[in-house]
Each structure stands twice: as C-alpha cells, then as structure tokens.
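Text of the file coords14.cif, holding mmCIF, C-alpha atoms and all ligand atoms:
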```cif
data_entry
#
loop_
_atom_site.label_atom_id
_atom_site.label_comp_id
_atom_site.auth_asym_id
_atom_site.auth_seq_id
_atom_site.Cartn_x
_atom_site.Cartn_y
_atom_site.Cartn_z
CA MET R 1 -15.22 20.60 -15.09
CA LEU R 2 -14.69 18.79 -11.79
CA ALA R 3 -11.17 17.36 -11.88
CA ILE R 4 -8.74 15.87 -9.40
CA ASP R 5 -6.11 18.60 -9.17
CA LEU R 6 -2.97 17.79 -7.20
CA ALA R 7 -0.77 20.39 -8.90
CA GLY R 8 1.81 21.80 -6.48
CA LYS R 9 1.42 18.86 -4.08
CA ARG R 10 4.11 16.36 -3.15
CA ALA R 11 3.35 12.71 -2.39
CA PHE R 12 5.44 10.07 -0.67
CA VAL R 13 4.42 6.53 -1.62
CA ALA R 14 5.94 3.81 0.56
CA GLY R 15 6.16 0.35 -1.03
CA VAL R 16 7.12 0.74 -4.70
CA ALA R 17 9.77 -1.60 -6.12
CA ASP R 18 8.38 -2.45 -9.57
CA ASP R 19 5.54 -1.42 -11.87
CA GLY R 20 3.23 -4.30 -10.98
CA GLY R 21 1.66 -3.35 -7.65
CA PHE R 22 -0.84 -0.93 -6.18
CA GLY R 23 1.90 1.45 -4.99
CA PHE R 24 3.06 2.02 -8.56
CA ALA R 25 -0.51 2.46 -9.84
CA ILE R 26 -1.18 4.98 -7.07
CA ALA R 27 2.06 6.88 -7.77
CA LYS R 28 1.07 7.06 -11.42
CA ALA R 29 -2.47 8.29 -10.71
CA LEU R 30 -1.12 10.96 -8.33
CA ALA R 31 1.29 12.08 -11.05
CA GLU R 32 -1.53 12.10 -13.63
CA ALA R 33 -3.33 14.52 -11.29
CA GLY R 34 -0.26 16.77 -11.18
CA ALA R 35 1.50 15.79 -7.93
CA SER R 36 5.23 15.26 -7.71
CA VAL R 37 5.95 11.80 -6.35
CA CYS R 38 8.73 10.45 -4.15
CA VAL R 39 8.77 6.76 -3.30
CA GLY R 40 10.12 4.57 -0.52
CA THR R 41 11.65 1.26 -1.61
CA TRP R 42 12.58 -1.76 0.50
CA PRO R 43 16.41 -2.00 0.40
CA PRO R 44 16.51 -5.68 -0.69
CA ALA R 45 14.43 -4.75 -3.77
CA MET R 46 16.14 -1.43 -4.51
CA ASN R 47 18.95 -2.50 -6.83
CA ILE R 48 16.63 -4.37 -9.17
CA PHE R 49 14.17 -1.46 -9.18
CA LEU R 50 16.86 1.13 -9.96
CA ASN R 51 18.24 -1.12 -12.69
CA LEU R 52 14.85 -1.55 -14.33
CA LEU R 53 14.36 2.23 -14.30
CA GLU R 54 17.85 3.01 -15.62
CA ARG R 55 17.65 0.46 -18.42
CA GLY R 56 14.31 1.84 -19.59
CA LYS R 57 12.51 -1.45 -18.86
CA MET R 58 9.63 0.41 -17.26
CA ASP R 59 9.25 3.20 -19.81
CA GLU R 60 5.96 1.88 -21.14
CA SER R 61 4.37 1.78 -17.69
CA LEU R 62 5.81 5.18 -16.83
CA ALA R 63 4.06 6.88 -19.78
CA LEU R 64 1.37 9.33 -18.64
CA SER R 65 -1.78 10.00 -20.65
CA ASP R 66 -0.70 13.53 -21.72
CA GLY R 67 2.61 12.30 -23.18
CA ARG R 68 4.69 13.09 -20.08
CA LYS R 69 6.71 10.37 -18.39
CA LEU R 70 6.36 9.64 -14.69
CA SER R 71 9.67 10.44 -13.09
CA PHE R 72 10.09 9.86 -9.37
CA GLU R 73 11.38 12.99 -7.69
CA ARG R 74 13.35 10.88 -5.20
CA ILE R 75 13.66 7.18 -4.40
CA TYR R 76 14.42 6.71 -0.71
CA PRO R 77 15.46 3.43 0.89
CA LEU R 78 12.85 2.39 3.45
CA ASP R 79 12.50 -0.63 5.68
CA ALA R 80 9.24 0.04 7.48
CA ALA R 81 10.11 -2.47 10.21
CA PHE R 82 12.34 0.16 11.78
CA ASP R 83 11.24 3.47 13.30
CA VAL R 84 14.84 4.66 13.78
CA LEU R 85 18.08 3.22 12.43
CA GLU R 86 19.19 2.12 15.91
CA ASP R 87 16.25 -0.36 15.94
CA ALA R 88 17.78 -2.34 13.06
CA PRO R 89 19.91 -5.26 14.26
CA ALA R 90 23.59 -5.29 13.29
CA GLU R 91 23.09 -8.18 10.86
CA ILE R 92 20.63 -6.07 8.84
CA ARG R 93 22.72 -2.89 8.96
CA GLU R 94 25.78 -4.82 7.80
CA ASN R 95 23.93 -6.76 5.12
CA LYS R 96 25.25 -5.81 1.68
CA ARG R 97 21.83 -4.73 0.44
CA TYR R 98 21.43 -2.28 3.34
CA LYS R 99 24.95 -1.12 4.09
CA GLU R 100 25.30 1.42 1.29
CA ARG R 101 21.85 2.87 1.75
CA GLY R 102 22.35 5.21 4.71
CA ASP R 103 19.43 5.61 7.12
CA PHE R 104 16.67 3.33 5.77
CA SER R 105 14.37 3.71 8.81
CA ILE R 106 11.13 5.71 8.78
CA ALA R 107 12.96 8.48 10.70
CA GLY R 108 15.67 8.36 8.02
CA VAL R 109 13.15 9.08 5.25
CA VAL R 110 11.70 11.96 7.27
CA LYS R 111 15.17 13.47 7.69
CA ALA R 112 16.02 13.01 4.01
CA LEU R 113 12.75 14.60 2.84
CA GLN R 114 13.30 17.60 5.10
CA ALA R 115 16.93 17.95 3.97
CA ASP R 116 15.82 17.79 0.32
CA PHE R 117 12.68 19.92 0.43
CA GLY R 118 12.43 21.85 3.74
CA GLU R 119 10.49 21.60 7.00
CA ARG R 120 7.03 20.76 5.65
CA PRO R 121 7.61 19.03 2.33
CA VAL R 122 4.66 16.63 2.00
CA ASP R 123 0.90 16.70 1.29
CA ILE R 124 0.15 13.04 0.66
CA VAL R 125 1.54 9.88 2.26
CA VAL R 126 0.58 6.43 0.96
CA HIS R 127 1.41 3.19 2.78
CA SER R 128 1.36 0.41 0.18
CA LEU R 129 3.44 -2.30 1.78
CA ALA R 130 2.96 -5.51 3.69
CA ASN R 131 4.99 -8.52 4.64
CA GLY R 132 4.16 -11.67 6.55
CA PRO R 133 7.06 -14.13 6.68
CA GLU R 134 4.68 -17.01 7.49
CA VAL R 135 1.83 -15.94 5.18
CA LYS R 136 1.56 -19.46 3.76
CA LYS R 137 0.90 -20.97 7.20
CA PRO R 138 -2.64 -21.08 8.60
CA LEU R 139 -3.08 -18.64 11.49
CA ILE R 140 -3.41 -21.50 13.96
CA GLU R 141 0.10 -22.71 13.05
CA THR R 142 1.73 -19.28 12.93
CA SER R 143 4.59 -18.71 15.35
CA ARG R 144 4.55 -15.78 17.76
CA SER R 145 7.50 -14.19 15.96
CA GLY R 146 5.90 -14.66 12.51
CA TYR R 147 2.64 -13.11 13.72
CA LEU R 148 4.38 -10.17 15.37
CA ALA R 149 6.55 -9.61 12.27
CA ALA R 150 3.41 -9.45 10.06
CA VAL R 151 1.73 -6.96 12.40
CA SER R 152 4.94 -4.94 12.81
CA VAL R 153 5.64 -4.40 9.10
CA SER R 154 2.08 -4.39 7.80
CA ALA R 155 0.20 -2.46 10.53
CA TYR R 156 2.43 -0.82 13.14
CA SER R 157 4.46 0.78 10.35
CA MET R 158 1.37 2.90 9.54
CA VAL R 159 1.16 4.14 13.15
CA SER R 160 4.84 5.08 12.96
CA LEU R 161 4.41 6.75 9.54
CA VAL R 162 1.52 8.89 10.77
CA ARG R 163 3.37 9.85 13.96
CA GLN R 164 6.61 10.71 12.18
CA PHE R 165 5.17 12.27 9.01
CA GLY R 166 2.34 14.18 10.74
CA PRO R 167 4.53 17.19 11.56
CA LEU R 168 5.83 17.31 7.95
CA MET R 169 2.40 17.54 6.37
CA ARG R 170 1.10 20.73 4.85
CA PRO R 171 -2.49 21.83 5.59
CA GLY R 172 -5.06 19.50 4.03
CA GLY R 173 -2.67 16.53 4.17
CA SER R 174 -3.83 12.97 3.58
CA PHE R 175 -2.62 9.55 4.70
CA LEU R 176 -3.76 6.40 2.95
CA SER R 177 -3.05 2.68 3.33
CA LEU R 178 -4.06 -0.51 1.52
CA THR R 179 -6.00 -3.26 3.24
CA PHE R 180 -7.70 -6.52 2.32
CA MET R 181 -11.06 -7.98 3.27
CA ALA R 182 -9.42 -10.96 5.02
CA SER R 183 -9.43 -8.56 8.01
CA GLU R 184 -13.17 -9.06 8.48
CA ARG R 185 -14.10 -12.29 6.65
CA VAL R 186 -12.23 -15.59 6.45
CA VAL R 187 -9.99 -15.95 3.39
CA PRO R 188 -8.42 -19.42 3.69
CA GLY R 189 -4.73 -19.27 2.77
CA TYR R 190 -4.17 -15.62 3.77
CA GLY R 191 -2.27 -16.72 6.84
CA GLY R 192 0.70 -15.92 9.00
CA GLY R 193 -1.15 -13.25 10.95
CA MET R 194 -1.69 -11.15 7.82
CA SER R 195 -5.47 -11.15 8.40
CA SER R 196 -4.81 -9.93 11.95
CA ALA R 197 -2.45 -7.23 10.63
CA LYS R 198 -5.11 -5.96 8.22
CA ALA R 199 -7.71 -5.92 11.01
CA ALA R 200 -5.31 -3.83 13.10
CA LEU R 201 -4.60 -1.54 10.14
CA GLU R 202 -8.32 -0.87 9.62
CA SER R 203 -9.01 -0.27 13.30
CA ASP R 204 -5.97 1.98 13.57
CA THR R 205 -7.21 3.95 10.55
CA ARG R 206 -10.17 5.13 12.65
CA THR R 207 -8.14 5.97 15.76
CA LEU R 208 -5.33 7.62 13.78
CA ALA R 209 -7.89 9.67 11.84
CA TYR R 210 -9.12 11.09 15.14
CA GLU R 211 -5.71 11.59 16.73
CA ALA R 212 -3.86 12.93 13.68
CA GLY R 213 -6.95 14.89 12.62
CA ARG R 214 -6.94 16.80 15.89
CA ARG R 215 -3.16 17.02 16.17
CA TYR R 216 -2.10 17.79 12.59
CA GLY R 217 -5.31 18.54 10.68
CA VAL R 218 -4.75 15.60 8.32
CA ARG R 219 -6.99 12.78 7.12
CA VAL R 220 -6.36 9.02 7.36
CA ASN R 221 -8.14 6.45 5.20
CA THR R 222 -7.60 2.94 3.91
CA ILE R 223 -8.58 1.27 0.62
CA SER R 224 -9.77 -2.31 0.81
CA ALA R 225 -8.76 -3.59 -2.61
CA GLY R 226 -9.93 -6.69 -4.46
CA PRO R 227 -7.32 -9.28 -5.47
CA TRP R 228 -4.61 -8.25 -7.95
CA ALA R 229 -1.61 -10.30 -9.09
CA SER R 230 1.16 -8.05 -7.79
CA ARG R 231 4.54 -9.48 -6.90
CA ALA R 232 3.62 -9.69 -3.18
CA ALA R 233 0.22 -11.29 -3.87
CA SER R 234 1.68 -13.77 -6.35
CA ALA R 235 4.11 -14.92 -3.65
CA ILE R 236 1.17 -16.14 -1.55
CA GLY R 237 0.59 -18.73 -4.25
CA PHE R 238 -3.15 -18.72 -5.12
CA ILE R 239 -3.81 -15.18 -6.29
CA HIS R 240 -5.23 -16.31 -9.65
CA MET R 241 -7.77 -18.48 -7.89
CA MET R 242 -8.76 -15.51 -5.71
CA ILE R 243 -9.14 -13.30 -8.78
CA ARG R 244 -11.31 -15.92 -10.51
CA TYR R 245 -13.45 -16.41 -7.42
CA SER R 246 -13.91 -12.72 -6.89
CA ARG R 247 -14.77 -12.13 -10.56
CA ALA R 248 -17.41 -14.87 -10.40
CA ASN R 249 -18.97 -13.75 -7.12
CA ALA R 250 -18.61 -9.95 -6.86
CA ALA R 251 -21.60 -7.68 -7.42
CA MET R 252 -19.89 -6.56 -10.64
CA PRO R 253 -18.53 -9.73 -12.28
CA ARG R 254 -15.21 -8.30 -13.44
CA GLU R 255 -11.60 -8.14 -12.27
CA VAL R 256 -10.30 -5.20 -10.24
CA GLN R 257 -7.61 -3.27 -12.11
CA ALA R 258 -4.71 -1.56 -10.32
CA PRO R 259 -5.39 1.82 -12.02
CA GLU R 260 -8.88 1.77 -10.45
CA VAL R 261 -7.24 1.60 -7.04
CA GLY R 262 -4.85 4.36 -8.20
CA ASN R 263 -7.74 6.63 -9.22
CA THR R 264 -9.54 6.08 -5.92
CA ALA R 265 -6.31 6.88 -4.08
CA ALA R 266 -5.91 10.10 -6.07
CA PHE R 267 -9.47 11.14 -5.21
CA LEU R 268 -9.05 10.30 -1.50
CA SER R 269 -5.76 12.23 -1.41
CA SER R 270 -7.32 15.29 -3.04
CA PRO R 271 -9.27 18.24 -1.64
CA LEU R 272 -12.39 16.67 -3.21
CA ALA R 273 -12.31 14.18 -0.31
CA ALA R 274 -11.79 16.87 2.36
CA ALA R 275 -14.55 15.45 4.58
CA ILE R 276 -13.62 11.77 4.21
CA THR R 277 -11.48 10.38 7.01
CA GLY R 278 -11.31 7.31 9.24
CA THR R 279 -12.88 5.23 6.50
CA THR R 280 -12.31 1.92 4.74
CA VAL R 281 -13.16 2.43 1.07
CA TYR R 282 -13.82 -0.76 -0.90
CA VAL R 283 -12.43 -0.98 -4.42
CA ASP R 284 -13.48 -4.57 -5.04
CA ASN R 285 -16.38 -4.54 -7.51
CA GLY R 286 -18.74 -4.84 -4.55
CA TYR R 287 -17.47 -8.26 -3.47
CA HIS R 288 -17.59 -7.21 0.21
CA ALA R 289 -21.35 -6.70 0.01
CA MET R 290 -22.10 -10.28 -0.99
CA GLY R 291 -23.39 -12.78 1.58
CA MET R 292 -23.31 -15.98 -0.46
CA ALA R 293 -21.16 -17.26 -3.28
CA VAL R 294 -22.68 -18.01 -6.68
CA ASP R 295 -22.96 -21.79 -6.53
CA PRO R 296 -22.73 -23.39 -9.99
CA THR R 297 -24.72 -26.46 -8.86
CA ALA R 298 -27.57 -24.24 -7.66
CA LEU R 299 -27.49 -22.45 -11.01
CA GLU R 300 -27.86 -25.79 -12.78
CA THR R 301 -31.10 -26.57 -10.91
CA GLY R 302 -32.65 -23.45 -12.33
CA LEU R 303 -34.03 -22.59 -8.85
CA VAL R 304 -31.39 -19.87 -8.52
CA ARG R 305 -30.68 -17.48 -11.33
CA GLU R 306 -27.48 -15.50 -11.65
CA THR R 307 -29.37 -12.18 -11.59
N1 LIG P 401 -2.50 -7.54 -4.42
C1 LIG P 401 -3.63 -7.75 -3.76
O1 LIG P 401 -4.43 -8.63 -4.10
C2 LIG P 401 -3.97 -6.86 -2.59
C3 LIG P 401 -5.32 -6.78 -2.16
C4 LIG P 401 -5.63 -5.93 -1.10
C5 LIG P 401 -4.63 -5.20 -0.48
N2 LIG P 401 -3.33 -5.30 -0.91
C6 LIG P 401 -2.31 -4.50 -0.22
O2 LIG P 401 -1.73 -3.58 -1.13
C7 LIG P 401 -0.46 -3.18 -0.61
C8 LIG P 401 0.57 -3.25 -1.72
O3 LIG P 401 0.77 -4.59 -2.09
P1 LIG P 401 0.75 -5.12 -3.59
O4 LIG P 401 -0.13 -6.34 -3.60
O5 LIG P 401 0.47 -4.03 -4.53
O6 LIG P 401 2.22 -5.72 -3.77
P2 LIG P 401 3.65 -5.07 -4.10
O7 LIG P 401 4.58 -6.20 -4.18
O8 LIG P 401 3.58 -4.12 -5.24
O9 LIG P 401 3.90 -4.16 -2.81
C9 LIG P 401 4.40 -4.60 -1.59
C10 LIG P 401 5.64 -3.78 -1.32
O10 LIG P 401 6.00 -3.90 0.05
C11 LIG P 401 7.41 -3.81 0.08
N3 LIG P 401 7.88 -4.24 1.40
C12 LIG P 401 7.86 -5.48 1.95
N4 LIG P 401 8.40 -5.44 3.18
C13 LIG P 401 8.76 -4.15 3.41
C14 LIG P 401 9.40 -3.47 4.48
N5 LIG P 401 9.76 -4.11 5.60
N6 LIG P 401 9.63 -2.13 4.36
C15 LIG P 401 9.30 -1.47 3.24
N7 LIG P 401 8.69 -2.05 2.20
C16 LIG P 401 8.43 -3.38 2.28
C17 LIG P 401 7.84 -4.68 -1.08
O11 LIG P 401 9.18 -4.43 -1.46
C18 LIG P 401 6.85 -4.24 -2.15
O12 LIG P 401 7.37 -3.15 -2.87
C19 LIG P 401 -0.17 -4.11 0.57
O13 LIG P 401 -0.53 -3.47 1.79
C20 LIG P 401 -1.12 -5.27 0.30
O14 LIG P 401 -1.44 -6.00 1.46
C21 LIG P 401 -2.99 -6.10 -1.95
#
```
For the structure just supplied, provide its representation as structure tokens.
Amino acid sequence: MLAIDLAGKRAFVAGVADDGGFGFAIAKALAEAGASVCVGTWPPAMNIFLNLLERGKMDESLALSDGRKLSFERIYPLDAAFDVLEDAPAEIRENKRYKERGDFSIAGVVKALQADFGERPVDIVVHSLANGPEVKKPLIETSRSGYLAAVSVSAYSMVSLVRQFGPLMRPGGSFLSLTFMASERVVPGYGGGMSSAKAALESDTRTLAYEAGRRYGVRVNTISAGPWASRAASAIGFIHMMIRYSRANAAMPREVQAPEVGNTAAFLSSPLAAAITGTTVYVDNGYHAMGMAVDPTALETGLVRET
C-alpha cells in the first residue's frame, strides 16, 4: 500500500495559535503520518493558545484517527518579523506579552531547537503565517510602512526561515509555505500589500528552491489554498463571501476544507514528493483554472448552461 510515512521525522510548523487555521490542519496531518510536530506561535497569541490546550478546550480537534492525541513536542514563541532578537525594538521586547518569552526571533527558535534536539533536528518546515496591518485598505491607499510590514512578515520571513533553518535540515528536507491566488489575479478587498506579499512569496519559492536545493539539498514549495474562515481570514471581513463565490465558480463546486490542505502538505513534505520543488500547488477545487465567473443572469437566459 502506498502511504505517506513520516515516521521518525520532525516538523516545525510556524503560525499555529488555535485549531482553526491551515497551520493546525497541517500539523495534524503531519502527525497522522507519523511525524513529531513542534510549532511556532506568535507571542501575542501564545497565552490564549496555551490556556486552550491546558484546559482541554482543543481535545476534540487534537484527536487523531487511530485514537492517539496530537501533542506538540514543543511550542516555541516566534515573531517572524525578527531575524534576530536585536532587531526587535525595545517597546516590543519590553511588552508584557513578549518579555517572559526569551528569544522569540527566528534565530531564537533555531537555537532552541538545536539545544533541545541537537545539531540537525528538523526534516520539515512549514510557514503558515501572514500579517498585513493595512489589509482592509485598497493597495492604492496603503502606506509605505503598511506595505513593507505585510511583505516583511508574510514573505521575507520565508527567506529568513529557509536561510536559518537550511543548515538544520536532515537529508530530504522540505520547506512549505501557504499562498493565495490574489498574488496573480485581482481579489478586491485583499489589500494592504498582502497581494504583493503573496506574489513575492511565490516568486521566492522558485528562487529559494534553486538556492536551497543546491546549498542544502532541500525542497521548497508553496500551496495556493482556496478561501477558509480561519481567524486571520475572518479578520479581513468578507471571507464568507469569498467562500460562497469560490464554491459557486470553482471547477469543483464545493468548499475547500482545511484537512485537504493538511493532506497536500503532508504529501509535499514526504519522500513521495522527492522530485517536486519550486512549485505552487493549488488546493482550491480548481478555481484558479477558471477564466469567467458563472453569471446567474446568463444562466437564466438558457444560452449558457452550468455544465
Ligand atoms: N484562510 C484563507 O482563506 C487562506 C487562503 C490562502 C492562503 N492562506 C494563508 O495560510 C496561512 C495561514 O493562515 P490562516 O488563514 O490559516 O490563518 P491563521 O490565523 O490560522 O494563521 C495565521 C497565523 O499567523 C500568525 N502570525 C501573525 N503575525 C505573525 C508574526 N509576526 N510572527 C509569527 N506568527 C504570526 C498568527 O498568530 C496566526 O497563528 C497564511 O499564510 C495565509 O495567508 C489563507
């Protein structure tokens, strides 16, 4: 039987702070396939996340199909805006949600992983985080600092992750990120430079695949996911409209489910995908392939049929 077998592998998933997003679904799928999973959590969201876990509020979502329970091997504080702790301004370092957390930079996570598990502790790294402080503003109204903040956290952080985690990866290692089709087609409302950040992330996936492939023998891919009402997506404000639109107009008229993204991530992170790198993989029910929306008025005329 051909199965995704990640037994003996360790994954680090950056961007998990509840059980509602793609990062959680990916962590769960990797665990289903046998990997041990460490996560990186944004310090401002860490207390709530730890509380939910401790109080058993996530037990249902943590249940694995064979009766085991997903248990994160480590939960590291991570603010992906900072490559090294010295880059964080004093007001962040002294903020009460950061102060107790030690080194929350990308370099800090690298050091902690090596201290906990040795020189080359990781096989799989997943980047499942994004932030655009001005996401609700159209691009044309986005400030320079808002735009640069979106690109810094949502795209440059992947460059930094690959550079800093590359030397930690065991042979056959895999990097993966999450992108959205607003990088290549207009999605009104996905503003603040987030569309630009996703375009950068996808372009960088190709260049990083080449550079890190030659340097570290690892693969780099990105999943372009259809809309899903995670906490981050719900904050944009019109996610349910996007889901409805995508369901109506995708090649397969159904909603994308987070576990489908998780399963694709597990496959891409596994030896089964050994020859796949530098690629954007769509998990969107084929929405990206469509050239024209299904227009209800055209359907009414009878000149156009749904299939
Ligand atoms: N939900 C969708 O419709 C959708 C579609 C396509 C792609 N994506 C992408 O999927 C990825 C995961 O997002 P999600 O929608 O599952 O939401 P989510 O809320 O589960 O994940 C976003 C995570 O990013 C974290 N984060 C924000 N700023 C951070 C920082 N500076 N450092 C570290 N972590 C930070 C948040 O705490 C959160 O845990 C993102 O890259 C997103 O753009 C989402």
Spatial neighbours of stretch 146-156 of chain R, max dist 12 Å, all atoms listed in the file, sep filter under 3 positions, as a VMD selection string
chain R and resid 14 to 15 42 78 to 83 105 to 106 127 to 143 159 to 163 177 to 180 183 190 to 205 208 222
Write the residues of the preceding selection, restricted to C-alpha atoms, as a tab-separated table (two decimals), keeping the file's coordinate frame.
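After the write, again32.tsv holds the following:
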```
chain	number	residue	atom	x	y	z
R	14	ALA	CA	5.94	3.81	0.56
R	15	GLY	CA	6.16	0.35	-1.03
R	42	TRP	CA	12.58	-1.76	0.50
R	78	LEU	CA	12.85	2.39	3.45
R	79	ASP	CA	12.50	-0.63	5.68
R	80	ALA	CA	9.24	0.04	7.48
R	81	ALA	CA	10.11	-2.47	10.21
R	82	PHE	CA	12.34	0.16	11.78
R	83	ASP	CA	11.24	3.47	13.30
R	105	SER	CA	14.37	3.71	8.81
R	106	ILE	CA	11.13	5.71	8.78
R	127	HIS	CA	1.41	3.19	2.78
R	128	SER	CA	1.36	0.41	0.18
R	129	LEU	CA	3.44	-2.30	1.78
R	130	ALA	CA	2.96	-5.51	3.69
R	131	ASN	CA	4.99	-8.52	4.64
R	132	GLY	CA	4.16	-11.67	6.55
R	133	PRO	CA	7.06	-14.13	6.68
R	134	GLU	CA	4.68	-17.01	7.49
R	135	VAL	CA	1.83	-15.94	5.18
R	136	LYS	CA	1.56	-19.46	3.76
R	137	LYS	CA	0.90	-20.97	7.20
R	138	PRO	CA	-2.64	-21.08	8.60
R	139	LEU	CA	-3.08	-18.64	11.49
R	140	ILE	CA	-3.41	-21.50	13.96
R	141	GLU	CA	0.10	-22.71	13.05
R	142	THR	CA	1.73	-19.28	12.93
R	143	SER	CA	4.59	-18.71	15.35
R	159	VAL	CA	1.16	4.14	13.15
R	160	SER	CA	4.84	5.08	12.96
R	161	LEU	CA	4.41	6.75	9.54
R	162	VAL	CA	1.52	8.89	10.77
R	163	ARG	CA	3.37	9.85	13.96
R	177	SER	CA	-3.05	2.68	3.33
R	178	LEU	CA	-4.06	-0.51	1.52
R	179	THR	CA	-6.00	-3.26	3.24
R	180	PHE	CA	-7.70	-6.52	2.32
R	183	SER	CA	-9.43	-8.56	8.01
R	190	TYR	CA	-4.17	-15.62	3.77
R	191	GLY	CA	-2.27	-16.72	6.84
R	192	GLY	CA	0.70	-15.92	9.00
R	193	GLY	CA	-1.15	-13.25	10.95
R	194	MET	CA	-1.69	-11.15	7.82
R	195	SER	CA	-5.47	-11.15	8.40
R	196	SER	CA	-4.81	-9.93	11.95
R	197	ALA	CA	-2.45	-7.23	10.63
R	198	LYS	CA	-5.11	-5.96	8.22
R	199	ALA	CA	-7.71	-5.92	11.01
R	200	ALA	CA	-5.31	-3.83	13.10
R	201	LEU	CA	-4.60	-1.54	10.14
R	202	GLU	CA	-8.32	-0.87	9.62
R	203	SER	CA	-9.01	-0.27	13.30
R	204	ASP	CA	-5.97	1.98	13.57
R	205	THR	CA	-7.21	3.95	10.55
R	208	LEU	CA	-5.33	7.62	13.78
R	222	THR	CA	-7.60	2.94	3.91
```
Can you pull out the residues contacting R:Ala275? Cut-off 12 Å, using all atoms listed in the file, and skip same-chain residues under 6 positions away; I want them as a list in words.
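My reading of the contact set: Gly172, Gly173, Ser174, Ala209, Gly213, Gly217, Val218, Arg219, Val220, Asn221, Phe267, Leu268 and Ser269 of chain R.
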For R:Val256: contacts at 8 Å, all atoms listed in the file, fewer than 6 positions along chain excluded, given as a short mmCIF file (atom, residue, chain, number, x, y, z; two decimals) with C-alpha atoms, in the frame of the given file:
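Below is the file that was written, selection.cif:
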```cif
data_model
loop_
_atom_site.label_atom_id
_atom_site.label_comp_id
_atom_site.auth_asym_id
_atom_site.auth_seq_id
_atom_site.Cartn_x
_atom_site.Cartn_y
_atom_site.Cartn_z
CA ALA R 225 -8.76 -3.59 -2.61
CA GLY R 226 -9.93 -6.69 -4.46
CA PRO R 227 -7.32 -9.28 -5.47
CA TRP R 228 -4.61 -8.25 -7.95
CA VAL R 283 -12.43 -0.98 -4.42
CA ASP R 284 -13.48 -4.57 -5.04
CA ASN R 285 -16.38 -4.54 -7.51
#
```
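Counting only C-alpha atoms and all ligand atoms, the residue from R:Asn47, R:Thr207, R:Ser61, R:Thr41 that sits nearest to ligand LIG 401 (chain P) is R:Thr41.
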Using all atoms listed in the file, find all polymer residues with an atom at most 12 Å away from the point (-8.1, 0.1, -10.2); report them as a PyMOL selection string.
chain R and resi 21-26+28-29+223-228+254-266+282-285
Quick one: pull the distance between atom CA of R:Gly102 and atom CA of R:Asp116, Å, one decimal.
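Going from atom CA of R:Gly102 over to atom CA of R:Asp116, I get 14.8 Å.
Proximity to R:Val84 was assessed for R:Phe49, R:Gln164, R:Ser71, R:Asp18 counting only C-alpha atoms; the smallest distance is recorded for R:Gln164.
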When you count only C-alpha atoms and all ligand atoms, which of these residues is closest to ligand LIG 401 (chain P): R:Arg231, R:Lys111, R:Arg214, R:Arg120?
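Of all the options, R:Arg231 lies closest to ligand LIG 401 (chain P).
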Work out how far atom CA of R:Ile75 is from atom CA of R:Leu113, in Å to one decimal.
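About the pair atom CA of R:Leu113 and atom CA of R:Ile75: they are 10.4 Å apart.
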Can you tell me, as a PyMOL selection string, which residues sit within 12 Å of (-1.2, 21.2, 3.5) in the file's frame, using all atoms listed in the file?
chain R and resi 6+8-11+120-125+166-175+216-219+269-271+274
Please define a box with edges along x, y and z of the file around all atoms of stretch 54-64 of chain R given in the file, extend it by 8 Å on each side, and return its centre and edge lengths in Å to one decimal, as AutoDock Vina command-line options.
```
--center_x 9.6 --center_y 3.9 --center_z -18.4 --size_x 32.5 --size_y 26.8 --size_z 21.5
```
I need the residue nearest ligand LIG 401 (chain P) from this list: R:Leu53, R:Leu30, R:Met58, R:Met242. Use all atoms listed in the file for the distance.
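Looking only at the distances to ligand LIG 401 (chain P), the closest residue turns out to be R:Met242.
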Calculate how many Å separate atom CA of R:Val16 from atom O9 of ligand LIG 401 (chain P), rounding to one decimal.
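Result for atom CA of R:Val16 versus atom O9 of ligand LIG 401 (chain P): 6.2 Å, one decimal.
Using only C-alpha atoms, the shortest contact distance between R:Pro43 and any of R:Pro77, R:Pro89, R:Gly67, R:Gly20 is found at R:Pro77.
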From the list R:Arg144, R:Ala182, R:Lys69, R:Glu86, the nearest residue to ligand LIG 401 (chain P) using all atoms listed in the file is R:Ala182
Contacts of R:Lys99 at 12 Å (only C-alpha atoms; same-chain gap of 4+ positions) as a list in words:
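What passes the distance filter is Pro43, Pro44, Pro77, Leu85, Ala88, Ala90, Glu91, Ile92, Arg93, Glu94, Asn95, Asp103 and Phe104 of chain R.
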Can you pull out the residues contacting R:Arg74? Cut-off 8 Å, using only C-alpha atoms, and skip same-chain residues under 6 positions away; I want them as a list in words.
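That gives Val37, Cys38 and Val39 of chain R.
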